[in-house]
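Asks: The file below is structure-v2.txt, compact mmCIF, C-alpha atoms:
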```
# COMPACT_ATOMS: atom_id res chain seq x y z
CA MET A 1 67.67 17.92 -88.86
CA ILE A 2 68.64 16.56 -85.40
CA ARG A 3 72.30 17.14 -86.21
CA SER A 4 71.66 20.78 -87.10
CA ILE A 5 69.69 21.28 -83.87
CA LYS A 6 72.56 19.71 -81.91
CA THR A 7 75.13 21.91 -83.66
CA THR A 8 73.06 25.02 -82.93
CA ILE A 9 72.77 24.07 -79.26
CA PHE A 10 76.45 23.17 -78.88
CA ASN A 11 77.57 26.38 -80.59
CA SER A 12 75.29 28.62 -78.59
CA SER A 13 77.04 30.89 -76.10
CA CYS A 14 74.56 29.83 -73.41
CA TYR A 15 75.55 26.15 -73.77
CA LYS A 16 79.25 26.99 -73.88
CA LYS A 17 78.97 29.00 -70.66
CA ALA A 18 77.05 26.21 -68.92
CA ALA A 19 79.55 23.59 -70.09
CA GLU A 20 82.45 25.70 -68.89
CA LYS A 21 80.83 26.18 -65.49
CA ALA A 22 80.10 22.45 -65.21
CA TYR A 23 83.70 21.64 -66.11
CA LYS A 24 85.01 24.10 -63.52
CA ALA A 25 82.72 22.62 -60.87
CA GLN A 26 83.89 19.08 -61.73
CA GLN A 27 87.49 20.23 -61.63
CA ARG A 28 86.99 21.82 -58.19
CA ILE A 29 85.56 18.54 -56.85
CA PHE A 30 88.39 16.62 -58.47
CA ASN A 31 90.96 18.99 -56.96
CA ALA A 32 89.55 18.23 -53.53
CA LEU A 33 90.69 14.62 -53.91
CA PRO A 34 94.19 14.09 -52.53
CA ASP A 35 97.17 13.43 -54.78
CA LYS A 36 98.92 10.20 -53.92
CA CYS A 37 102.15 8.64 -55.10
CA PHE A 38 102.90 5.09 -54.00
CA LYS A 39 106.66 5.04 -53.54
CA ASN A 40 107.12 1.75 -51.72
CA THR A 41 108.16 -0.83 -54.31
CA LYS A 42 107.06 -3.79 -52.18
CA PHE A 43 103.61 -2.27 -51.71
CA ASN A 44 103.34 -1.56 -55.44
CA ASP A 45 104.28 -5.13 -56.31
CA SER A 46 101.73 -6.56 -53.87
CA PHE A 47 99.09 -4.11 -55.07
CA GLU A 48 99.65 -5.09 -58.69
CA LYS A 49 99.56 -8.76 -57.72
CA ILE A 50 96.21 -8.25 -55.96
CA GLY A 51 94.88 -6.54 -59.07
CA LYS A 52 95.97 -9.44 -61.24
CA GLU A 53 94.69 -12.13 -58.91
CA ILE A 54 91.22 -10.72 -58.17
CA SER A 55 88.99 -12.27 -60.75
CA SER A 56 85.20 -12.20 -60.60
CA ALA A 57 85.33 -15.30 -58.35
CA GLU A 58 87.41 -13.58 -55.68
CA ASN A 59 85.30 -10.46 -56.10
CA ARG A 60 82.17 -12.53 -55.39
CA LEU A 61 83.83 -14.08 -52.33
CA ILE A 62 84.83 -10.67 -50.92
CA LEU A 63 81.30 -9.44 -51.58
CA GLY A 64 79.82 -12.44 -49.77
CA ILE A 65 82.05 -12.16 -46.70
CA THR A 66 81.45 -8.43 -46.30
CA ALA A 67 77.73 -9.00 -46.90
CA LEU A 68 77.65 -11.43 -43.95
CA MET A 69 79.25 -8.75 -41.81
CA SER A 70 76.73 -6.05 -42.67
CA GLN A 71 73.40 -7.14 -44.16
CA PRO A 72 72.01 -9.32 -41.31
CA PHE A 73 72.60 -6.46 -38.87
CA ILE A 74 70.84 -3.97 -41.14
CA ASP A 75 67.86 -6.33 -41.52
CA GLY A 76 67.88 -7.12 -37.79
CA ARG A 77 67.62 -3.42 -36.92
CA ASN A 78 64.81 -2.68 -39.38
CA LYS A 79 62.22 -1.10 -37.07
CA ASN A 80 59.66 -0.77 -39.85
CA VAL A 81 58.55 -4.38 -39.41
CA ASP A 82 57.62 -6.51 -36.42
CA GLU A 83 59.97 -8.95 -34.72
CA LYS A 84 58.68 -12.09 -36.43
CA THR A 85 59.20 -10.65 -39.92
CA ARG A 86 62.58 -9.32 -38.88
CA LYS A 87 63.69 -12.80 -37.85
CA VAL A 88 62.51 -14.33 -41.14
CA SER A 89 64.18 -11.51 -43.02
CA VAL A 90 67.52 -12.00 -41.24
CA ALA A 91 67.37 -15.78 -41.74
CA ARG A 92 66.64 -15.35 -45.40
CA THR A 93 69.36 -12.77 -45.89
CA VAL A 94 72.00 -15.00 -44.25
CA ALA A 95 70.82 -18.03 -46.25
CA LYS A 96 70.87 -16.06 -49.47
CA ILE A 97 74.37 -14.76 -48.87
CA ILE A 98 75.77 -18.20 -48.00
CA ALA A 99 74.09 -19.99 -50.91
CA GLY A 100 74.82 -17.22 -53.41
CA THR A 101 78.44 -16.80 -52.39
CA ALA A 102 79.23 -20.52 -52.28
CA THR A 103 77.70 -21.35 -55.64
CA GLY A 104 78.79 -18.07 -57.23
CA TYR A 105 82.41 -18.49 -56.15
CA LEU A 106 82.73 -22.19 -57.01
CA ILE A 107 81.06 -21.95 -60.40
CA ARG A 108 83.02 -18.86 -61.43
CA LYS A 109 86.28 -20.43 -60.28
CA GLY A 110 85.51 -23.71 -62.07
CA CYS A 111 84.52 -22.00 -65.30
CA ILE A 112 87.60 -19.76 -65.32
CA LYS A 113 89.75 -22.87 -64.88
CA ALA A 114 87.90 -24.69 -67.65
CA VAL A 115 88.31 -21.72 -70.01
CA LYS A 116 92.03 -21.59 -69.18
CA ASN A 117 92.39 -25.28 -70.08
CA TRP A 118 90.37 -24.91 -73.25
CA SER A 119 91.94 -21.75 -74.67
CA LYS A 120 95.38 -22.99 -75.52
CA ILE A 121 97.39 -21.52 -78.36
CA PRO A 122 99.09 -24.27 -80.38
CA GLU A 123 102.85 -24.02 -80.89
CA PRO A 124 103.79 -23.72 -84.57
CA GLY A 125 103.93 -27.19 -86.12
CA THR A 126 102.03 -28.91 -83.28
CA LYS A 127 98.46 -30.11 -83.11
CA ILE A 128 96.10 -29.88 -80.14
CA LYS A 129 92.62 -31.26 -79.54
CA LYS A 130 89.70 -29.17 -80.82
CA ILE A 131 88.26 -28.77 -77.33
CA GLU A 132 91.57 -27.33 -76.10
CA LYS A 133 91.15 -24.34 -78.40
CA PHE A 134 87.39 -23.98 -78.03
CA PHE A 135 87.76 -20.62 -76.24
CA THR A 136 90.90 -19.44 -78.07
CA PRO A 137 90.28 -16.12 -79.84
CA ARG A 138 91.74 -15.77 -83.34
CA ASP A 139 94.86 -13.72 -84.04
CA VAL A 140 96.28 -14.07 -80.53
CA LYS A 141 99.94 -15.00 -80.64
CA SER A 142 100.92 -15.47 -77.00
CA SER A 143 99.11 -16.93 -74.03
CA ASP A 144 101.70 -15.62 -71.59
CA THR A 145 100.33 -12.09 -71.21
CA ASP A 146 98.24 -10.30 -68.59
CA ALA A 147 95.66 -9.45 -71.23
CA TYR A 148 95.20 -13.13 -72.03
CA LYS A 149 94.84 -13.94 -68.34
CA GLN A 150 92.15 -11.28 -68.06
CA TYR A 151 90.50 -12.77 -71.12
CA HIS A 152 90.34 -16.12 -69.27
CA ASN A 153 88.67 -14.34 -66.37
CA ALA A 154 86.19 -12.53 -68.61
CA MET A 155 85.26 -15.57 -70.71
CA GLY A 156 85.17 -17.78 -67.60
CA THR A 157 82.85 -15.35 -65.86
CA ILE A 158 80.50 -15.14 -68.83
CA THR A 159 80.46 -18.94 -69.10
CA ALA A 160 79.77 -19.09 -65.36
CA LEU A 161 76.86 -16.67 -65.73
CA ILE A 162 75.37 -18.87 -68.43
CA ALA A 163 75.89 -21.95 -66.20
CA MET A 164 74.31 -20.07 -63.31
CA MET A 165 71.12 -19.57 -65.28
CA ILE A 166 70.61 -23.25 -64.55
CA THR A 167 72.41 -23.64 -61.23
CA ASN A 168 70.56 -20.63 -59.78
CA PHE A 169 67.38 -22.66 -60.02
CA VAL A 170 68.88 -26.10 -59.41
CA ILE A 171 71.33 -25.30 -56.58
CA ASP A 172 71.15 -21.68 -55.43
CA ALA A 173 67.42 -21.24 -54.93
CA PRO A 174 66.70 -24.64 -53.26
CA LEU A 175 69.78 -24.18 -51.06
CA THR A 176 68.56 -20.72 -50.03
CA LYS A 177 65.14 -22.17 -49.27
CA PHE A 178 66.63 -25.06 -47.28
CA LEU A 179 68.97 -22.80 -45.30
CA THR A 180 66.22 -20.21 -44.66
CA ASN A 181 63.96 -22.86 -43.17
CA ARG A 182 66.85 -24.27 -41.12
CA PHE A 183 67.75 -20.84 -39.73
CA ILE A 184 64.11 -20.00 -39.00
CA GLY A 185 63.78 -23.37 -37.25
CA ALA A 186 66.90 -22.64 -35.20
CA GLN A 187 65.51 -19.25 -34.22
CA GLY A 188 62.20 -20.40 -32.84
CA GLY A 189 60.91 -23.71 -34.17
CA LYS A 190 58.88 -24.67 -37.22
CA ASN A 191 55.83 -22.70 -36.16
CA GLU A 192 57.54 -19.52 -37.14
CA THR A 193 57.25 -20.28 -40.82
CA SER A 194 54.69 -22.99 -41.42
CA LYS A 195 51.31 -21.50 -40.83
CA MET B 1 70.76 -28.77 -95.48
CA LYS B 2 72.04 -25.47 -96.87
CA PRO B 3 70.12 -23.19 -94.48
CA LEU B 4 71.35 -25.30 -91.56
CA SER B 5 74.98 -25.12 -92.66
CA ASN B 6 74.58 -21.37 -93.20
CA LEU B 7 73.18 -21.02 -89.71
CA MET B 8 76.07 -22.98 -88.23
CA LYS B 9 78.50 -20.85 -90.20
CA ASN B 10 76.89 -17.67 -88.88
CA ILE B 11 76.92 -18.95 -85.31
CA GLY B 12 80.59 -19.87 -85.73
CA LYS B 13 81.39 -16.41 -87.08
CA PHE B 14 79.43 -14.72 -84.29
CA TYR B 15 81.22 -16.80 -81.64
CA GLY B 16 84.62 -16.05 -83.23
CA ASP B 17 83.92 -12.30 -83.25
CA PHE B 18 82.56 -12.48 -79.72
CA LYS B 19 85.82 -14.00 -78.43
CA VAL B 20 87.92 -11.35 -80.22
CA ASN B 21 85.72 -8.54 -78.83
CA LEU B 22 85.95 -9.98 -75.35
CA TYR B 23 89.74 -10.15 -75.60
CA LYS B 24 90.00 -6.61 -76.94
CA ASN B 25 87.51 -5.03 -74.52
CA TYR B 26 88.32 -6.78 -71.29
CA GLY B 27 91.89 -7.99 -71.83
CA GLU B 28 93.29 -4.67 -70.67
CA ASN B 29 90.28 -3.59 -68.65
CA PRO B 30 89.47 -6.10 -65.91
CA GLY B 31 87.69 -3.46 -63.83
CA LYS B 32 85.15 -2.90 -66.60
CA MET B 33 84.68 -6.64 -66.90
CA LEU B 34 83.94 -6.90 -63.17
CA VAL B 35 81.30 -4.15 -63.40
CA HIS B 36 79.59 -5.57 -66.50
CA THR B 37 79.59 -9.24 -65.50
CA GLY B 38 78.65 -8.29 -61.93
CA THR B 39 75.56 -6.47 -63.18
CA LEU B 40 74.57 -9.41 -65.37
CA GLY B 41 75.17 -11.77 -62.45
CA TRP B 42 72.86 -9.79 -60.18
CA ILE B 43 70.10 -9.84 -62.81
CA LEU B 44 70.22 -13.63 -63.12
CA SER B 45 70.59 -14.27 -59.40
CA SER B 46 67.67 -11.96 -58.52
CA LEU B 47 65.45 -13.80 -60.96
CA ALA B 48 66.20 -17.09 -59.21
CA GLN B 49 65.67 -15.66 -55.72
CA VAL B 50 62.23 -14.23 -56.53
CA THR B 51 61.15 -17.52 -58.10
CA ALA B 52 62.34 -19.49 -55.08
CA LEU B 53 60.46 -17.20 -52.70
CA VAL B 54 57.21 -17.41 -54.68
CA PHE B 55 57.28 -21.22 -54.53
CA ASN B 56 58.40 -21.55 -50.87
CA ASP B 57 55.28 -22.98 -49.19
CA LYS B 58 56.81 -22.76 -45.71
CA ILE B 59 56.60 -18.98 -45.70
CA SER B 60 53.11 -17.68 -44.97
CA SER B 61 51.31 -15.39 -47.42
CA GLU B 62 51.52 -12.53 -44.93
CA GLN B 63 55.30 -12.92 -44.68
CA LYS B 64 55.49 -13.27 -48.45
CA SER B 65 53.70 -9.93 -48.76
CA PHE B 66 56.77 -8.44 -47.13
CA LEU B 67 59.46 -10.71 -48.53
CA ILE B 68 58.46 -10.69 -52.21
CA PRO B 69 58.48 -6.88 -52.49
CA GLN B 70 61.69 -6.96 -50.46
CA GLU B 71 63.19 -9.32 -52.99
CA ILE B 72 62.01 -7.31 -56.00
CA ALA B 73 63.22 -4.10 -54.40
CA ASP B 74 66.44 -5.87 -53.56
CA ALA B 75 66.84 -6.90 -57.19
CA GLY B 76 66.09 -3.48 -58.67
CA ILE B 77 68.14 -1.54 -56.17
CA ASN B 78 70.95 -4.10 -56.24
CA ILE B 79 71.29 -3.98 -59.99
CA LEU B 80 71.02 -0.20 -60.23
CA SER B 81 73.20 0.64 -57.26
CA PHE B 82 75.75 -1.99 -58.24
CA TYR B 83 76.11 -0.52 -61.69
CA LEU B 84 75.97 3.15 -60.72
CA ILE B 85 78.15 3.04 -57.61
CA THR B 86 80.65 0.45 -58.81
CA ASN B 87 81.00 2.11 -62.18
CA SER B 88 81.42 5.54 -60.57
CA PHE B 89 84.10 4.21 -58.23
CA LYS B 90 85.91 2.55 -61.10
CA ASN B 91 85.67 5.62 -63.35
CA LEU B 92 86.82 8.00 -60.64
CA ALA B 93 89.79 5.81 -59.72
CA SER B 94 90.60 5.38 -63.40
CA LYS B 95 90.45 9.15 -63.91
CA MET B 96 92.74 9.72 -60.94
CA VAL B 97 95.33 7.42 -62.49
CA SER B 98 95.04 8.75 -66.04
CA THR B 99 95.31 12.39 -64.91
CA GLY B 100 98.34 11.62 -62.74
CA LYS B 101 96.68 12.25 -59.36
CA LEU B 102 97.28 8.66 -58.32
CA THR B 103 100.70 7.43 -59.35
CA THR B 104 103.63 5.18 -58.57
CA LYS B 105 107.22 6.29 -58.27
CA SER B 106 108.02 5.32 -61.85
CA ILE B 107 104.95 7.08 -63.29
CA GLN B 108 105.77 10.23 -61.33
CA SER B 109 109.39 10.16 -62.56
CA TYR B 110 108.11 9.86 -66.11
CA LEU B 111 105.77 12.83 -65.64
CA GLN B 112 108.55 14.91 -64.08
CA LYS B 113 110.95 13.97 -66.85
CA ASN B 114 108.46 15.27 -69.40
CA GLY B 115 107.93 18.48 -67.43
CA LEU B 116 104.24 17.76 -66.91
CA CYS B 117 104.26 18.21 -63.13
CA SER B 118 105.72 21.70 -63.28
CA ASN B 119 103.41 23.07 -65.99
CA GLY B 120 100.30 22.21 -63.96
CA ARG B 121 98.76 19.81 -66.44
CA VAL B 122 98.79 16.88 -64.02
CA GLY B 123 95.50 16.62 -62.16
CA LYS B 124 93.49 18.45 -64.82
CA LEU B 125 90.40 16.60 -66.06
CA ASP B 126 91.38 17.03 -69.71
CA PHE B 127 94.85 15.58 -69.16
CA ASN B 128 95.38 11.93 -69.99
CA ILE B 129 98.70 10.13 -69.62
CA GLU B 130 97.55 7.51 -72.15
CA LYS B 131 97.29 10.18 -74.86
CA LEU B 132 100.88 11.37 -74.54
CA ASP B 133 102.98 10.84 -77.68
CA ASP B 134 105.56 8.55 -76.11
CA PHE B 135 103.13 6.72 -73.80
CA LYS B 136 103.57 3.32 -75.46
CA THR B 137 107.33 3.40 -75.46
CA GLY B 138 107.82 5.50 -72.35
CA ILE B 139 105.60 4.24 -69.51
CA LYS B 140 102.83 1.89 -70.71
CA GLU B 141 104.57 -1.21 -69.39
CA LYS B 142 104.58 0.15 -65.84
CA TYR B 143 101.42 2.23 -66.05
CA GLN B 144 99.04 -0.45 -67.36
CA PRO B 145 99.36 -3.03 -64.52
CA PHE B 146 98.99 -0.24 -61.94
CA LYS B 147 95.89 1.17 -63.62
CA GLU B 148 94.34 -2.30 -63.96
CA SER B 149 94.95 -2.98 -60.27
CA VAL B 150 93.45 0.36 -59.24
CA ASP B 151 90.40 -0.38 -61.43
CA VAL B 152 89.93 -3.84 -59.93
CA VAL B 153 90.34 -2.65 -56.33
CA ALA B 154 88.04 0.35 -56.91
CA SER B 155 85.40 -1.89 -58.53
CA THR B 156 85.60 -4.28 -55.60
CA ILE B 157 85.27 -1.48 -53.01
CA GLY B 158 82.40 0.03 -55.02
CA SER B 159 80.58 -3.27 -55.21
CA VAL B 160 80.97 -3.86 -51.46
CA ILE B 161 79.56 -0.40 -50.67
CA SER B 162 76.69 -0.69 -53.13
CA CYS B 163 75.62 -4.25 -52.35
CA ASN B 164 76.29 -4.43 -48.65
CA LEU B 165 75.53 -0.96 -47.37
CA VAL B 166 73.37 1.05 -49.77
CA THR B 167 71.14 -1.77 -51.02
CA PRO B 168 70.02 -3.33 -47.70
CA VAL B 169 69.04 0.07 -46.26
CA LEU B 170 67.18 1.22 -49.38
CA ARG B 171 65.41 -2.09 -49.97
CA ASN B 172 64.10 -2.21 -46.40
CA ILE B 173 62.59 1.25 -46.70
CA TYR B 174 60.99 0.31 -50.02
CA ALA B 175 59.78 -3.12 -48.91
CA SER B 176 58.17 -1.91 -45.68
CA ASP B 177 56.20 0.67 -47.67
CA ARG B 178 55.06 -2.04 -50.05
CA GLN B 179 54.11 -4.29 -47.13
CA LYS B 180 51.90 -1.59 -45.58
CA ASN B 181 50.06 -1.21 -48.88
CA ALA B 182 49.70 -4.97 -49.30
CA ILE B 183 48.23 -5.37 -45.81
CA ALA B 184 45.81 -2.51 -46.35
CA LYS B 185 44.60 -4.16 -49.57
CA MET B 186 44.25 -7.57 -47.88
CA GLU B 187 42.14 -6.04 -45.09
CA ILE B 188 39.85 -4.30 -47.56
CA LYS B 189 39.40 -7.59 -49.45
CA GLU B 190 38.70 -9.47 -46.21
CA LYS B 191 36.07 -6.90 -45.24
CA SER B 192 34.29 -7.02 -48.60
CA GLN B 193 33.91 -10.80 -48.36
CA ILE B 194 32.02 -10.68 -45.02
CA VAL B 195 28.59 -12.36 -45.16
CA HIS B 196 26.24 -11.42 -42.33
CA PRO B 197 24.66 -14.33 -40.40
CA ARG B 198 20.95 -14.61 -39.84
CA GLY B 199 19.43 -13.09 -36.68
CA ILE B 200 21.16 -9.68 -36.79
CA THR B 201 20.97 -6.79 -39.22
CA LEU B 202 23.68 -6.22 -41.82
CA ASN B 203 24.51 -2.90 -40.17
CA GLU B 204 25.03 -4.53 -36.76
CA TYR B 205 27.14 -7.31 -38.26
CA GLN B 206 29.41 -4.88 -40.13
CA LYS B 207 29.96 -2.89 -36.93
CA ASN B 208 30.98 -6.08 -35.07
CA ALA B 209 33.28 -7.19 -37.91
CA ALA B 210 34.98 -3.79 -38.05
CA PHE B 211 35.50 -3.87 -34.28
CA LYS B 212 37.03 -7.38 -34.54
CA LEU B 213 39.40 -6.27 -37.32
CA ALA B 214 40.49 -3.21 -35.42
CA ARG B 215 41.11 -5.24 -32.26
CA ASN B 216 43.25 -7.81 -34.07
CA SER B 217 45.41 -5.48 -36.11
CA THR B 218 48.61 -4.04 -34.76
CA SER B 219 50.28 -1.00 -36.20
CA LEU B 220 51.97 -3.16 -38.83
CA LYS B 221 50.64 -6.62 -39.59
CA ILE B 222 52.55 -9.14 -41.65
```
How would this structure read if it were set down as C-alpha cells?

Replies:
Amino acid sequence: MIRSIKTTIFNSSCYKKAAEKAYKAQQRIFNALPDKCFKNTKFNDSFEKIGKEISSAENRLILGITALMSQPFIDGRNKNVDEKTRKVSVARTVAKIIAGTATGYLIRKGCIKAVKNWSKIPEPGTKIKKIEKFFTPRDVKSSDTDAYKQYHNAMGTITALIAMMITNFVIDAPLTKFLTNRFIGAQGGKNETSK
Amino acid sequence: MKPLSNLMKNIGKFYGDFKVNLYKNYGENPGKMLVHTGTLGWILSSLAQVTALVFNDKISSEQKSFLIPQEIADAGINILSFYLITNSFKNLASKMVSTGKLTTKSIQSYLQKNGLCSNGRVGKLDFNIEKLDDFKTGIKEKYQPFKESVDVVASTIGSVISCNLVTPVLRNIYASDRQKNAIAKMEIKEKSQIVHPRGITLNEYQKNAAFKLARNSTSLKI
C-alpha cells in the first residue's frame, strides 16, 4: 500500500519537476564553491599526515583550545543577564572547558593506546596472550594498514566513551565544580557563590 | 548452566560482529567516526554536567535558575548543532572530493587522462570518482588518503564552528529566556505565600508587599 503510494508520488510529473528544480538549485550552489587542486607535493603529504594523525583525542584537544578562545568571551558579553550571573557563567564555562578537555583528551588517548596494544594480529604459527587480541576483529590479515589504524581510533574512542560514563561523574563533574568555585573565588571572593 | 552459556555465546557473537562492523564502517571513514563518536561524547558529557550543577550547593538557587537551563540548552543545542553542522561540513567536503572539485595533482591527472575534465562531468553532483570502472586499480591508492584527510579536517572545522561559535550564542539566548520565566514563577510563588500580620487589613498588607517586591526587583533578577 505504502509502496504503491510512494511509486505514484515518485512517478508523478509534479514530483519529477520539483526534484529536477531542487537538483538544479543544489547544483547552482555547488557550482558557486571554488574548484581547488592541491599541486604542492609537500603540502599534500603534510595534509595527509594531519588527516591520519588526528584521532578523536586530538579533535577533542583542538575543540577545547578553540573553545577557550571563544566561549568565555561570548558568555562575558551576554547582556541578557546581570554582571554577577555573567561572572559565574564565565567561570563555569572556563572550568567546564578545562575539565572536559583534559579528561576527554587523556582518556581518549589512553584508550586508543590500550586498544592498539590489545588488538594484535598473531603471526602464523605464533601464539599471543588472549588479552592481546581482545579487540582484534576477525578476518583481518594485516595490522599495517591505515584502515586498521583508524579502527584503533574508532574502537579506542568508543571504549573511552564507555569509560567516560564513569569518569564524567568521578573526575569531570567534581573537577568542573572545584574549578568553578576556584574561579568564582578568584573573581570576587566566596560571597559570590555561597549564599 | 545452559542458558548462561548461551548468553555468553550470544554476547561473544555480538561483540565479534560489532568489531567487524566497526572496522568496515570506520576503517576507511575516520571523518564519519569523528562525527558519530563526537555526538555520543556530547550526550554523555552533558548528562554529567547537568548532574554536577544540580548538586553544587555553592551556587545559589537563583543562579541555578539561570545555569541549569543554560546547561540543558547547552546540551540540546550542542548535540544538535554538533551533529548537523559537523556532518554537513564533512558531507560537503566529501562531495567536493568525490565530484572532483577538490583534488590533488595525481587525481586531476587521472581525471584528465580519462577525459572527464573536458566532457564537463567533473563538478556535477551526480558524478562520483569512486564509481568509475577503474577506480580501484587506477587512483584509489592516492585518492583514499586524501579524501580521509579532507573528511577529518572538515569534521574538525565543523565541530569547532558548531561547538565554539554557534552553541554559546544560541544557548545564551535560550537560557536567558528560561531564566526570565523562572524568576517570574518564583515571584508569583513568593507572593502567594504571604501571610498578613495582625493589626492591618489584608488589602493594606498586600499593597505593602507588592510595593516591596517592586522596589527590590531589577529588570532581570537572578

Asks: Specify as number ranges by chain all residues of chain B found within 6 Å of chain A, counting only C-alpha atoms.

Replies: B: 19-20, 23, 27-28, 48-49, 52, 58-60, 101-105, 146, 149, 152, 160, 164

Asks: Show me as a short mmCIF file (atom, residue, chain, number, x, y, z; two decimals) with C-alpha atoms, in the coordinates of the input the residues that reach within 10 Å of (102.2, 9.6, -66.1), counting all atoms listed in the file and using the file's own coordinates.

Replies:
```
data_model
loop_
_atom_site.label_atom_id
_atom_site.label_comp_id
_atom_site.auth_asym_id
_atom_site.auth_seq_id
_atom_site.Cartn_x
_atom_site.Cartn_y
_atom_site.Cartn_z
CA VAL B 97 95.33 7.42 -62.49
CA SER B 98 95.04 8.75 -66.04
CA THR B 99 95.31 12.39 -64.91
CA GLY B 100 98.34 11.62 -62.74
CA LYS B 101 96.68 12.25 -59.36
CA LEU B 102 97.28 8.66 -58.32
CA THR B 103 100.70 7.43 -59.35
CA THR B 104 103.63 5.18 -58.57
CA LYS B 105 107.22 6.29 -58.27
CA SER B 106 108.02 5.32 -61.85
CA ILE B 107 104.95 7.08 -63.29
CA GLN B 108 105.77 10.23 -61.33
CA SER B 109 109.39 10.16 -62.56
CA TYR B 110 108.11 9.86 -66.11
CA LEU B 111 105.77 12.83 -65.64
CA GLN B 112 108.55 14.91 -64.08
CA LYS B 113 110.95 13.97 -66.85
CA ASN B 114 108.46 15.27 -69.40
CA LEU B 116 104.24 17.76 -66.91
CA CYS B 117 104.26 18.21 -63.13
CA VAL B 122 98.79 16.88 -64.02
CA PHE B 127 94.85 15.58 -69.16
CA ASN B 128 95.38 11.93 -69.99
CA ILE B 129 98.70 10.13 -69.62
CA GLU B 130 97.55 7.51 -72.15
CA LEU B 132 100.88 11.37 -74.54
CA PHE B 135 103.13 6.72 -73.80
CA GLY B 138 107.82 5.50 -72.35
CA ILE B 139 105.60 4.24 -69.51
CA LYS B 140 102.83 1.89 -70.71
CA LYS B 142 104.58 0.15 -65.84
CA TYR B 143 101.42 2.23 -66.05
#
```

Asks: Please identify all polymer residues within 7 Å of Cys163 in chain B, counting all atoms listed in the file, omitting same-chain residues fewer than 3 positions from it, and present them as an MDAnalysis selection string.

Replies: chainID B and resid 78 82 159:160 166:167
